[in-house]
file entry_9.cif (mmCIF, C-alpha atoms and all ligand atoms)
data_final
loop_
_atom_site.label_atom_id
_atom_site.label_comp_id
_atom_site.auth_asym_id
_atom_site.auth_seq_id
_atom_site.Cartn_x
_atom_site.Cartn_y
_atom_site.Cartn_z
CA MET T 1 81.45 116.20 94.48
CA ASP T 2 80.55 113.95 91.57
CA PRO T 3 83.30 112.25 89.50
CA ASP T 4 83.05 114.65 86.54
CA THR T 5 83.40 117.68 88.82
CA ARG T 6 86.39 116.14 90.56
CA ARG T 7 88.06 115.11 87.30
CA CYS T 8 87.43 118.51 85.64
CA VAL T 9 88.77 120.53 88.57
CA ASN T 10 91.90 118.35 88.65
CA ASP T 11 92.43 118.90 84.91
CA VAL T 12 91.93 122.68 85.25
CA PHE T 13 94.40 123.01 88.10
CA ALA T 14 96.98 120.76 86.45
CA ALA T 15 96.86 123.12 83.44
CA LEU T 16 97.10 126.19 85.69
CA GLU T 17 100.16 124.76 87.44
CA ALA T 18 101.86 124.58 84.07
CA GLY T 19 101.40 128.35 83.65
CA ASN T 20 101.09 129.90 80.24
CA GLY T 21 99.70 133.40 80.14
CA GLU T 22 100.08 137.10 80.01
CA ARG T 23 98.72 139.92 82.07
CA ASN T 24 95.97 142.43 81.31
CA GLU T 25 95.62 145.97 82.56
CA GLY T 26 92.55 145.72 84.76
CA GLY T 27 90.37 148.14 86.66
CA ARG T 28 87.15 148.19 84.61
CA ARG T 29 84.02 147.83 86.74
CA PHE T 30 80.26 147.88 86.19
CA PRO T 31 77.33 148.93 88.42
CA ALA T 32 76.74 145.38 89.72
CA CYS T 33 80.25 145.42 91.22
CA GLU T 34 78.77 147.53 94.03
CA TYR T 35 77.30 144.28 95.33
CA LEU T 36 80.69 142.63 95.69
CA ASP T 37 81.07 143.73 99.33
CA ALA T 38 77.59 142.47 100.21
CA ALA T 39 78.36 139.16 98.51
CA ALA T 40 81.67 138.92 100.38
CA ARG T 41 79.83 139.39 103.67
CA LEU T 42 77.65 136.40 102.81
CA VAL T 43 80.82 134.31 102.59
CA GLU T 44 82.14 135.46 105.99
CA GLY T 45 81.89 132.91 108.76
CA LYS T 46 81.18 130.05 106.40
CA ARG T 47 83.86 127.50 105.65
CA PRO T 48 87.47 128.78 105.91
CA GLU T 49 88.29 127.62 102.38
CA PHE T 50 85.56 129.87 100.98
CA GLU T 51 86.83 132.80 103.02
CA ALA T 52 90.26 132.05 101.53
CA ILE T 53 88.82 132.09 98.00
CA MET T 54 87.09 135.39 98.77
CA ALA T 55 90.26 136.90 100.25
CA SER T 56 92.25 135.84 97.18
CA PHE T 57 89.65 137.26 94.84
CA THR T 58 89.38 140.52 96.80
CA ALA T 59 93.15 140.95 96.46
CA LEU T 60 93.03 140.34 92.69
CA GLU T 61 89.83 142.28 91.97
CA PRO T 62 91.40 145.74 91.45
CA LEU T 63 93.52 144.22 88.67
CA ILE T 64 90.59 142.70 86.84
CA ASP T 65 88.68 144.06 83.87
CA TRP T 66 85.10 143.04 84.63
CA THR T 67 82.99 142.14 81.61
CA ARG T 68 79.30 141.76 80.83
CA ARG T 69 77.29 139.59 78.49
CA PRO T 70 75.02 141.54 76.15
CA GLY T 71 71.82 140.12 77.64
CA GLY T 72 70.37 137.02 75.96
CA THR T 73 67.54 134.50 76.04
CA ASN T 74 65.27 134.70 79.10
CA ALA T 75 67.45 137.28 80.87
CA SER T 76 65.66 139.63 83.26
CA ALA T 77 65.13 143.25 82.19
CA ASN T 78 67.72 144.42 84.73
CA ILE T 79 70.46 142.12 83.41
CA MET T 80 72.85 144.81 82.19
CA GLU T 81 73.03 146.79 85.43
CA GLY T 82 72.58 143.59 87.40
CA HIS T 83 75.55 141.43 86.50
CA ALA T 84 79.30 141.41 85.99
CA ASN T 85 81.80 138.67 85.23
CA ALA T 86 85.42 138.59 86.32
CA MET T 87 87.82 136.52 84.27
CA VAL T 88 90.79 135.65 86.46
CA VAL T 89 92.35 133.16 84.05
CA GLY T 90 91.13 132.97 80.47
CA PRO T 91 90.58 135.27 77.48
CA GLY T 92 90.88 138.87 78.70
CA GLY T 93 91.76 137.68 82.20
CA LEU T 94 94.68 138.35 84.47
CA GLU T 95 96.31 135.38 82.84
CA ALA T 96 95.15 135.28 79.23
CA ARG T 97 94.78 131.76 77.84
CA ASP T 98 92.03 129.73 76.28
CA ASP T 99 92.62 126.12 77.30
CA VAL T 100 91.25 126.66 80.79
CA GLN T 101 89.35 129.54 82.40
CA VAL T 102 88.67 130.50 86.00
CA GLY T 103 86.32 133.35 86.82
CA ILE T 104 83.56 134.65 89.02
CA SER T 105 80.03 135.80 88.21
CA LEU T 106 78.33 138.38 90.36
CA LEU T 107 74.59 138.99 90.18
CA ALA T 108 72.82 141.81 91.98
CA PRO T 109 69.64 140.73 93.81
CA ASN T 110 66.69 139.58 91.68
CA VAL T 111 68.58 139.12 88.43
CA ARG T 112 68.06 136.30 85.96
CA TYR T 113 71.15 135.53 83.87
CA PRO T 114 70.52 134.56 80.23
CA ASP T 115 70.38 130.95 79.09
CA HIS T 116 73.72 130.16 77.53
CA ARG T 117 75.89 127.29 76.40
CA HIS T 118 79.52 126.84 75.42
CA LYS T 119 81.83 124.16 74.11
CA PRO T 120 84.11 123.92 77.18
CA GLU T 121 82.99 121.71 80.03
CA GLU T 122 82.39 123.65 83.22
CA ILE T 123 82.16 123.37 86.96
CA TYR T 124 80.56 125.90 89.28
CA LEU T 125 81.24 126.53 92.97
CA CYS T 126 78.57 128.65 94.68
CA LEU T 127 79.80 131.02 97.36
CA THR T 128 76.38 132.51 98.14
CA PRO T 129 72.76 131.38 97.89
CA GLY T 130 71.28 131.39 94.40
CA GLU T 131 69.50 129.15 91.92
CA PHE T 132 70.79 127.37 88.84
CA ARG T 133 69.34 125.47 85.96
CA HIS T 134 71.10 123.13 83.57
CA GLY T 135 69.90 120.92 80.78
CA ASP T 136 67.13 121.79 78.32
CA ASP T 137 64.34 120.67 80.61
CA GLY T 138 66.11 121.14 83.93
CA ASP T 139 64.34 122.63 86.92
CA TRP T 140 65.87 125.37 89.00
CA PHE T 141 67.90 124.05 91.91
CA SER T 142 69.80 125.57 94.82
CA PRO T 143 73.29 124.11 95.20
CA GLY T 144 73.60 125.97 98.51
CA VAL T 145 76.64 127.81 99.81
CA GLY T 146 79.62 125.66 98.88
CA GLY T 147 77.60 123.60 96.44
CA SER T 148 79.21 122.62 93.15
CA PHE T 149 77.98 121.05 89.94
CA TYR T 150 79.15 120.08 86.46
CA ASN T 151 77.93 121.23 83.03
CA HIS T 152 78.96 118.94 80.22
CA PRO T 153 80.03 120.60 76.94
CA ASP T 154 77.28 122.54 75.18
CA MET T 155 74.78 122.08 78.00
CA LEU T 156 72.26 124.90 78.28
CA HIS T 157 72.48 126.61 81.69
CA ALA T 158 71.47 129.72 83.61
CA MET T 159 71.43 131.18 87.11
CA ARG T 160 69.32 133.62 89.07
CA SER T 161 69.66 135.50 92.33
CA GLY T 162 67.00 135.97 94.97
CA GLU T 163 66.91 138.69 97.61
CA GLN T 164 70.69 138.51 98.03
CA PRO T 165 73.51 138.91 95.53
CA LEU T 166 74.84 135.75 93.92
CA LEU T 167 78.54 134.99 93.65
CA ALA T 168 79.78 131.86 91.91
CA VAL T 169 83.21 130.69 90.80
CA TRP T 170 83.41 128.79 87.54
CA CYS T 171 86.11 126.82 85.79
CA LEU T 172 85.95 125.94 82.13
CA ARG T 173 88.15 123.49 80.28
CA ARG T 174 88.37 123.16 76.54
CA VAL T 175 87.68 119.62 75.42
CA GLY T 176 88.56 117.90 72.18
FE FE Z 1 78.73 128.76 81.67
#
call {"tool": "encode", "arguments": {"input": "entry_9.cif", "output": "structure tokens"}}
result
Amino acid sequence: MDPDTRRCVNDVFAALEAGNGERNEGGRRFPACEYLDAAARLVEGKRPEFEAIMASFTALEPLIDWTRRPGGTNASANIMEGHANAMVVGPGGLEARDDVQVGISLLAPNVRYPDHRHKPEEIYLCLTPGEFRHGDDGDWFSPGVGGSFYNHPDMLHAMRSGEQPLLAVWCLRRVG
């Protein structure tokens, strides 16, 4: 882990420890959620801490209102049926707050997520294979299962799945 990733994750979890939120109703799903079981199987037998993350998420998932982005720049044609985002902590999440966010993105196989950027800084933890791109001229890279990386505020980024579904945890923290 690089220093920014380590510092950001510490800041996010310090804020989470302080608590602050309210609860949403949950239960909304989208077609891509059918790939959640297949993605979970990709996590099995890897490192125990990732299995623990998956077990925690599986327990929370029925309570979550999944969301979708409305497509966007460079997204694949199958983006709408091919992706879903779960906000665990953050706007519309199980704990609604906007200083920090913790969520998971799920991509069905062969889906290219749109280029996007946001003000909060962000870290990703990849639970399955998949490719990512960050920075305006960045090449695609594979963090690998358990790989993590840091997006500084407003950095353009995207992800894409290959033959398997992609599952990645992200944490955002408002800066400034
Ligand atoms: Fe992002």
call {"tool": "residues_around", "arguments": {"input": "entry_9.cif", "residues": "segment 151-164 of chain T", "least_positions_apart": "4", "cutoff": "10 Å", "atoms": "all atoms listed in the file", "output": "number ranges by chain"}}
result
T: 4-5, 35, 38-39, 42, 73-76, 82, 105-124, 128-138, 140-142, 168, 172-175
call {"tool": "atom_distance", "arguments": {"input": "entry_9.cif", "atom1": "atom CA of Pro165 of chain T", "atom2": "atom CA of His83 of chain T"}}
result
9.6 Å
call {"tool": "atom_distance", "arguments": {"input": "entry_9.cif", "atom1": "atom CA of Cys126 of chain T", "atom2": "atom CA of Ala77 of chain T"}}
result
23.4 Å
call {"tool": "atom_distance", "arguments": {"input": "entry_9.cif", "atom1": "atom CA of Gly45 of chain T", "atom2": "atom CA of Val9 of chain T"}}
result
24.7 Å
call {"tool": "closest_residue", "arguments": {"input": "entry_9.cif", "among": "T:Lys46, T:Trp170, T:Phe149, T:Gly176", "to": "Pro3 of chain T", "atoms": "only C-alpha atoms"}}
result
T:Phe149
call {"tool": "residues_around", "arguments": {"input": "entry_9.cif", "residues": "segment 98-103 of chain T", "least_positions_apart": "6", "cutoff": "8 Å", "atoms": "only C-alpha atoms", "output": "JSON, numbers by chain"}}
result
{"T": [12, 15, 16, 85, 86, 87, 88, 89, 90, 91, 169, 170, 171, 172, 173, 174]}
call {"tool": "residues_around", "arguments": {"input": "entry_9.cif", "residues": "segment 58-71 of chain T", "least_positions_apart": "3", "cutoff": "7 Å", "atoms": "only C-alpha atoms", "output": "list in words"}}
result
Glu25, Gly26, Gly27, Arg28, Arg29, Met54, Ala55, Ala75, Ile79, Met80, His83, Ala84, Asn85, Ala86, Gly93, Leu94 and Pro114 of chain T
call {"tool": "write_last_selection", "arguments": {"input": "entry_9.cif", "atoms": "C-alpha atoms", "output": "PDB file, keeping the file's coordinate frame"}}
result
ATOM      1  CA  GLU T  25      95.620 145.970  82.560  1.00  0.00           C
ATOM      2  CA  GLY T  26      92.550 145.720  84.760  1.00  0.00           C
ATOM      3  CA  GLY T  27      90.370 148.140  86.660  1.00  0.00           C
ATOM      4  CA  ARG T  28      87.150 148.190  84.610  1.00  0.00           C
ATOM      5  CA  ARG T  29      84.020 147.830  86.740  1.00  0.00           C
ATOM      6  CA  MET T  54      87.090 135.390  98.770  1.00  0.00           C
ATOM      7  CA  ALA T  55      90.260 136.900 100.250  1.00  0.00           C
ATOM      8  CA  ALA T  75      67.450 137.280  80.870  1.00  0.00           C
ATOM      9  CA  ILE T  79      70.460 142.120  83.410  1.00  0.00           C
ATOM     10  CA  MET T  80      72.850 144.810  82.190  1.00  0.00           C
ATOM     11  CA  HIS T  83      75.550 141.430  86.500  1.00  0.00           C
ATOM     12  CA  ALA T  84      79.300 141.410  85.990  1.00  0.00           C
ATOM     13  CA  ASN T  85      81.800 138.670  85.230  1.00  0.00           C
ATOM     14  CA  ALA T  86      85.420 138.590  86.320  1.00  0.00           C
ATOM     15  CA  GLY T  93      91.760 137.680  82.200  1.00  0.00           C
ATOM     16  CA  LEU T  94      94.680 138.350  84.470  1.00  0.00           C
ATOM     17  CA  PRO T 114      70.520 134.560  80.230  1.00  0.00           C
TER      18      PRO T 114
END
call {"tool": "residues_near_point", "arguments": {"input": "entry_9.cif", "point": "(80.3, 126.5, 102.5)", "cutoff": "6 Å", "atoms": "all atoms listed in the file", "output": "ChimeraX atom specification"}}
result
/T:46-47,145-146
call {"tool": "closest_residue", "arguments": {"input": "entry_9.cif", "among": "T:Glu81, T:Arg7, T:Glu95, T:Gly72", "to": "Phe30 of chain T", "atoms": "all atoms listed in the file"}}
result
T:Glu81
call {"tool": "closest_residue", "arguments": {"input": "entry_9.cif", "among": "T:Ile104, T:Ala32, T:Leu166, T:Ala96", "to": "ligand FE 1 (chain Z)", "atoms": "only C-alpha atoms and all ligand atoms"}}
result
T:Ile104
call {"tool": "closest_residue", "arguments": {"input": "entry_9.cif", "among": "T:Met1, T:Ala14, T:Leu125, T:Ile53", "to": "ligand FE 1 (chain Z)", "atoms": "only C-alpha atoms and all ligand atoms"}}
result
T:Leu125
call {"tool": "closest_residue", "arguments": {"input": "entry_9.cif", "among": "T:Cys8, T:Tyr150, T:Asp37, T:Leu127", "to": "ligand FE 1 (chain Z)", "atoms": "all atoms listed in the file"}}
result
T:Tyr150
call {"tool": "decode", "arguments": {"input": "entry_9.cif", "residues": "segment 93-111 of chain T", "atoms": "N, CA, C and O atoms", "output": "PDB file, in the first residue's frame"}}
result
ATOM      1  N   GLY T  93     -26.949   5.370   1.368  1.00  0.00           N
ATOM      2  CA  GLY T  93     -26.428   4.090   1.856  1.00  0.00           C
ATOM      3  C   GLY T  93     -27.099   3.640   3.142  1.00  0.00           C
ATOM      4  O   GLY T  93     -28.025   4.279   3.651  1.00  0.00           O
ATOM      5  N   LEU T  94     -26.618   2.516   3.652  1.00  0.00           N
ATOM      6  CA  LEU T  94     -27.159   2.009   4.909  1.00  0.00           C
ATOM      7  C   LEU T  94     -26.966   3.036   6.014  1.00  0.00           C
ATOM      8  O   LEU T  94     -27.830   3.203   6.868  1.00  0.00           O
ATOM      9  N   GLU T  95     -25.806   3.645   6.011  1.00  0.00           N
ATOM     10  CA  GLU T  95     -25.573   4.793   6.880  1.00  0.00           C
ATOM     11  C   GLU T  95     -25.393   5.990   5.969  1.00  0.00           C
ATOM     12  O   GLU T  95     -24.424   6.057   5.206  1.00  0.00           O
ATOM     13  N   ALA T  96     -26.347   6.915   6.014  1.00  0.00           N
ATOM     14  CA  ALA T  96     -26.336   8.048   5.090  1.00  0.00           C
ATOM     15  C   ALA T  96     -25.494   9.174   5.661  1.00  0.00           C
ATOM     16  O   ALA T  96     -25.779   9.686   6.742  1.00  0.00           O
ATOM     17  N   ARG T  97     -24.444   9.529   4.960  1.00  0.00           N
ATOM     18  CA  ARG T  97     -23.563  10.626   5.350  1.00  0.00           C
ATOM     19  C   ARG T  97     -22.752  11.007   4.130  1.00  0.00           C
ATOM     20  O   ARG T  97     -22.679  10.249   3.166  1.00  0.00           O
ATOM     21  N   ASP T  98     -22.156  12.181   4.159  1.00  0.00           N
ATOM     22  CA  ASP T  98     -21.436  12.585   2.958  1.00  0.00           C
ATOM     23  C   ASP T  98     -19.977  12.965   3.202  1.00  0.00           C
ATOM     24  O   ASP T  98     -19.292  13.419   2.292  1.00  0.00           O
ATOM     25  N   ASP T  99     -19.483  12.769   4.416  1.00  0.00           N
ATOM     26  CA  ASP T  99     -18.063  13.069   4.632  1.00  0.00           C
ATOM     27  C   ASP T  99     -17.186  11.916   4.156  1.00  0.00           C
ATOM     28  O   ASP T  99     -16.124  12.122   3.571  1.00  0.00           O
ATOM     29  N   VAL T 100     -17.637  10.699   4.400  1.00  0.00           N
ATOM     30  CA  VAL T 100     -16.942   9.522   3.891  1.00  0.00           C
ATOM     31  C   VAL T 100     -17.967   8.571   3.267  1.00  0.00           C
ATOM     32  O   VAL T 100     -19.143   8.593   3.618  1.00  0.00           O
ATOM     33  N   GLN T 101     -17.505   7.755   2.342  1.00  0.00           N
ATOM     34  CA  GLN T 101     -18.370   6.780   1.684  1.00  0.00           C
ATOM     35  C   GLN T 101     -17.618   5.448   1.595  1.00  0.00           C
ATOM     36  O   GLN T 101     -16.406   5.439   1.386  1.00  0.00           O
ATOM     37  N   VAL T 102     -18.361   4.360   1.738  1.00  0.00           N
ATOM     38  CA  VAL T 102     -17.808   3.030   1.516  1.00  0.00           C
ATOM     39  C   VAL T 102     -18.824   2.263   0.682  1.00  0.00           C
ATOM     40  O   VAL T 102     -20.010   2.211   1.042  1.00  0.00           O
ATOM     41  N   GLY T 103     -18.398   1.703  -0.423  1.00  0.00           N
ATOM     42  CA  GLY T 103     -19.337   0.978  -1.268  1.00  0.00           C
ATOM     43  C   GLY T 103     -18.633  -0.065  -2.110  1.00  0.00           C
ATOM     44  O   GLY T 103     -17.408  -0.262  -2.005  1.00  0.00           O
ATOM     45  N   ILE T 104     -19.418  -0.730  -2.918  1.00  0.00           N
ATOM     46  CA  ILE T 104     -18.900  -1.793  -3.780  1.00  0.00           C
ATOM     47  C   ILE T 104     -19.469  -1.607  -5.179  1.00  0.00           C
ATOM     48  O   ILE T 104     -20.650  -1.293  -5.334  1.00  0.00           O
ATOM     49  N   SER T 105     -18.637  -1.768  -6.176  1.00  0.00           N
ATOM     50  CA  SER T 105     -19.103  -1.799  -7.566  1.00  0.00           C
ATOM     51  C   SER T 105     -19.022  -3.218  -8.092  1.00  0.00           C
ATOM     52  O   SER T 105     -18.033  -3.919  -7.850  1.00  0.00           O
ATOM     53  N   LEU T 106     -20.068  -3.599  -8.797  1.00  0.00           N
ATOM     54  CA  LEU T 106     -20.149  -4.924  -9.406  1.00  0.00           C
ATOM     55  C   LEU T 106     -20.335  -4.741 -10.907  1.00  0.00           C
ATOM     56  O   LEU T 106     -21.255  -4.042 -11.344  1.00  0.00           O
ATOM     57  N   LEU T 107     -19.450  -5.332 -11.683  1.00  0.00           N
ATOM     58  CA  LEU T 107     -19.599  -5.329 -13.139  1.00  0.00           C
ATOM     59  C   LEU T 107     -19.823  -6.756 -13.612  1.00  0.00           C
ATOM     60  O   LEU T 107     -19.097  -7.671 -13.194  1.00  0.00           O
ATOM     61  N   ALA T 108     -20.785  -6.942 -14.477  1.00  0.00           N
ATOM     62  CA  ALA T 108     -20.953  -8.219 -15.173  1.00  0.00           C
ATOM     63  C   ALA T 108     -19.739  -8.403 -16.102  1.00  0.00           C
ATOM     64  O   ALA T 108     -18.989  -7.457 -16.339  1.00  0.00           O
ATOM     65  N   PRO T 109     -19.522  -9.600 -16.630  1.00  0.00           N
ATOM     66  CA  PRO T 109     -18.391  -9.789 -17.545  1.00  0.00           C
ATOM     67  C   PRO T 109     -18.474  -8.864 -18.762  1.00  0.00           C
ATOM     68  O   PRO T 109     -19.564  -8.547 -19.244  1.00  0.00           O
ATOM     69  N   ASN T 110     -17.300  -8.444 -19.238  1.00  0.00           N
ATOM     70  CA  ASN T 110     -17.173  -7.658 -20.467  1.00  0.00           C
ATOM     71  C   ASN T 110     -17.966  -6.352 -20.451  1.00  0.00           C
ATOM     72  O   ASN T 110     -18.701  -6.029 -21.381  1.00  0.00           O
ATOM     73  N   VAL T 111     -17.796  -5.628 -19.363  1.00  0.00           N
ATOM     74  CA  VAL T 111     -18.443  -4.320 -19.211  1.00  0.00           C
ATOM     75  C   VAL T 111     -17.362  -3.273 -18.970  1.00  0.00           C
ATOM     76  O   VAL T 111     -16.429  -3.487 -18.201  1.00  0.00           O
TER      77      VAL T 111
END
